[in-house]
Amino acid sequence: GNRIDFFGSLLLAVYCMKEKKFKFVGHTGSGFDYKLLDTVYSKLQELKIESMPIDHLPYMNRETTWVKPILVAEVKFNVWTKDGIMRAPIFLRFREDKKPTECTIQADNPTKGDSNDVGYEIKEQSHNSVDVKISNPDKVYWSKTREHPEFTKKDLINYYEFIGPLILPHLKDRPLSLSRYPNGIHGKSFYHKNWDQPKPDFVMTAQVHSEQRNDNINYIVCNNKESLLWIANLGCIEMHPWYSRINDFDSCNSSSLLYEEKCELNFPDFIVFDLDPYIYSGKEKRGQEPEYNRAGFRATVEVAFELYDFLRELKIRSYIKTSGKSVLHIYVPVINNYPYEQTRNFSEIIAKIMVSKFPNKVTTEWNTLKRKGNVFFDYNQNSRGKTLASVYSLRPTESATISMPINWKKLDSILPTEFRKSNSL
DNA sequence: TTATCAG
DNA sequence: CTGATAACAAGCAGC
DNA sequence: GCTGCT
Ligand SMILES: [Mn+2]
Ligand SMILES: [Mn+2]
């Protein structure tokens, strides 16, 4: 499995009718996989000769082994150089149907690199109704379980195509962090915020200043169905939108110092109460996060109801969604007049009150060991730049759960695991 | 998944 | 062209 | 400034 064991490149020559001689036209080292490298190398062993079968070799890339000029190769190349050498030739195939003397340069005028009207195989790309290219549609993202068959990348994209009308209004004009699983839920995942690669025109982006990198982050903004599918094709399972919207893309993308004021990015339009149960199923390995379990969810529901009551006393309306695991997210819409700093502080105050009211149920402890047995009230989740998986976002769980909005009245009678990709229709 | 680099 | 490799986040707490 | 946690 190493190029050193074979050859670096083949020397190419064409037949000159006038002089009845072969003329050097370049090296080709590209286009070989290891299997081909091996078969070509052994084929060449039988054809070794001592002397050079061409008149003149203008340059050498490395030590050369000569072979009888009887193999005909079809190559693709960029252009002819001014010296009549092929630029960047790529080996395509041997042509057993052609004789070496048929390898001539047309019109004696080497201008066109057109050795390959044959065309080589291009794997057909799969498309969907809005014409976004899908790569690796059959890659398995969720393996088969007792509950459901395996789900592929295509299934992921189909889900977002289906849910588009519901999820898009929640993503509109919000900078989006992508939580990507390009090799499925068991593969390596990563967050992706800064988009610095080519993108289709229908995908919008917005410059958002990052203090940490002292530079802007070019966030993706998912404002249409095409973008949603394109994002899903990046292996993005979870959509993590900001809590604030961009009011004015122009001012956001200008370098004006005031742009953040004008584009309103510092002003969230909701506060989120993130309730994370630290109630263990007992099956976790040491140091592992608590995994989904019924008791953990029940404890979270209990805290959620207490929070609902308390907020209602304050005349504050709240909405709840499952996260797809034991965690619950409670949203309070606000007029976007208060910066993140204030919504975070408000959330902290509510959290501290909840701890004092229910010291045996709620905690704001930073140390995870001290959270044990309680529901962690994560008020820092309201800091600028923090995100959560949005409502209707798919989650990288075994059963392919969905973050689902729930009517408070029904909260007592549901389980987060009952909302799945497989029954979302 | 994509860009980049070397063979 | 093939194959290998690298990059893909950031705020807050606490020491 | 570094580490852990989210
Ligand atoms: Mn959470
Ligand atoms: Mn949290």
# chains A, B, ... in the order shown; residues from 1 in each chain; ligands from 1
$ select_by_dssp --residues "region 109-327 of chain A" --states "strand (DSSP E or B)" --output "number ranges by chain"
A: 126, 134, 140-142, 151-152, 175-180, 190-192, 204-210, 215-221, 236-241, 270-277, 319-322
$ interface_residues --of "chain A" --to "chain C" --cutoff "10 Å" --atoms "only C-alpha atoms (C1' of nucleotides)" --output "PyMOL selection string"
chain A and resi 29-34+76+89-92+177-178+180+189-195+210-213+366-367+380-381+383-386
$ interface_residues --of "chain B" --to "chain A" --cutoff "10 Å" --atoms "only C-alpha atoms (C1' of nucleotides)" --output "number ranges by chain"
B: 1-3, 7
$ residues_near_ligand --ligand "ligand 2" --cutoff "7 Å" --atoms "only C-alpha atoms (C1' of nucleotides) and all ligand atoms" --output "count of residues only"
6
$ atom_distance --atom1 "CA of Ile402 (chain A)" --atom2 "CA of Asn336 (chain A)"
27.4 Å
$ residues_near_ligand --ligand "ligand 1" --cutoff "12 Å" --atoms "only C-alpha atoms (C1' of nucleotides) and all ligand atoms" --output "count of residues only"
36
$ closest_residue --among "A:Asn293, A:Thr368, A:Thr28, A:Thr401" --to "chain D" --atoms "only C-alpha atoms (C1' of nucleotides)"
A:Thr368
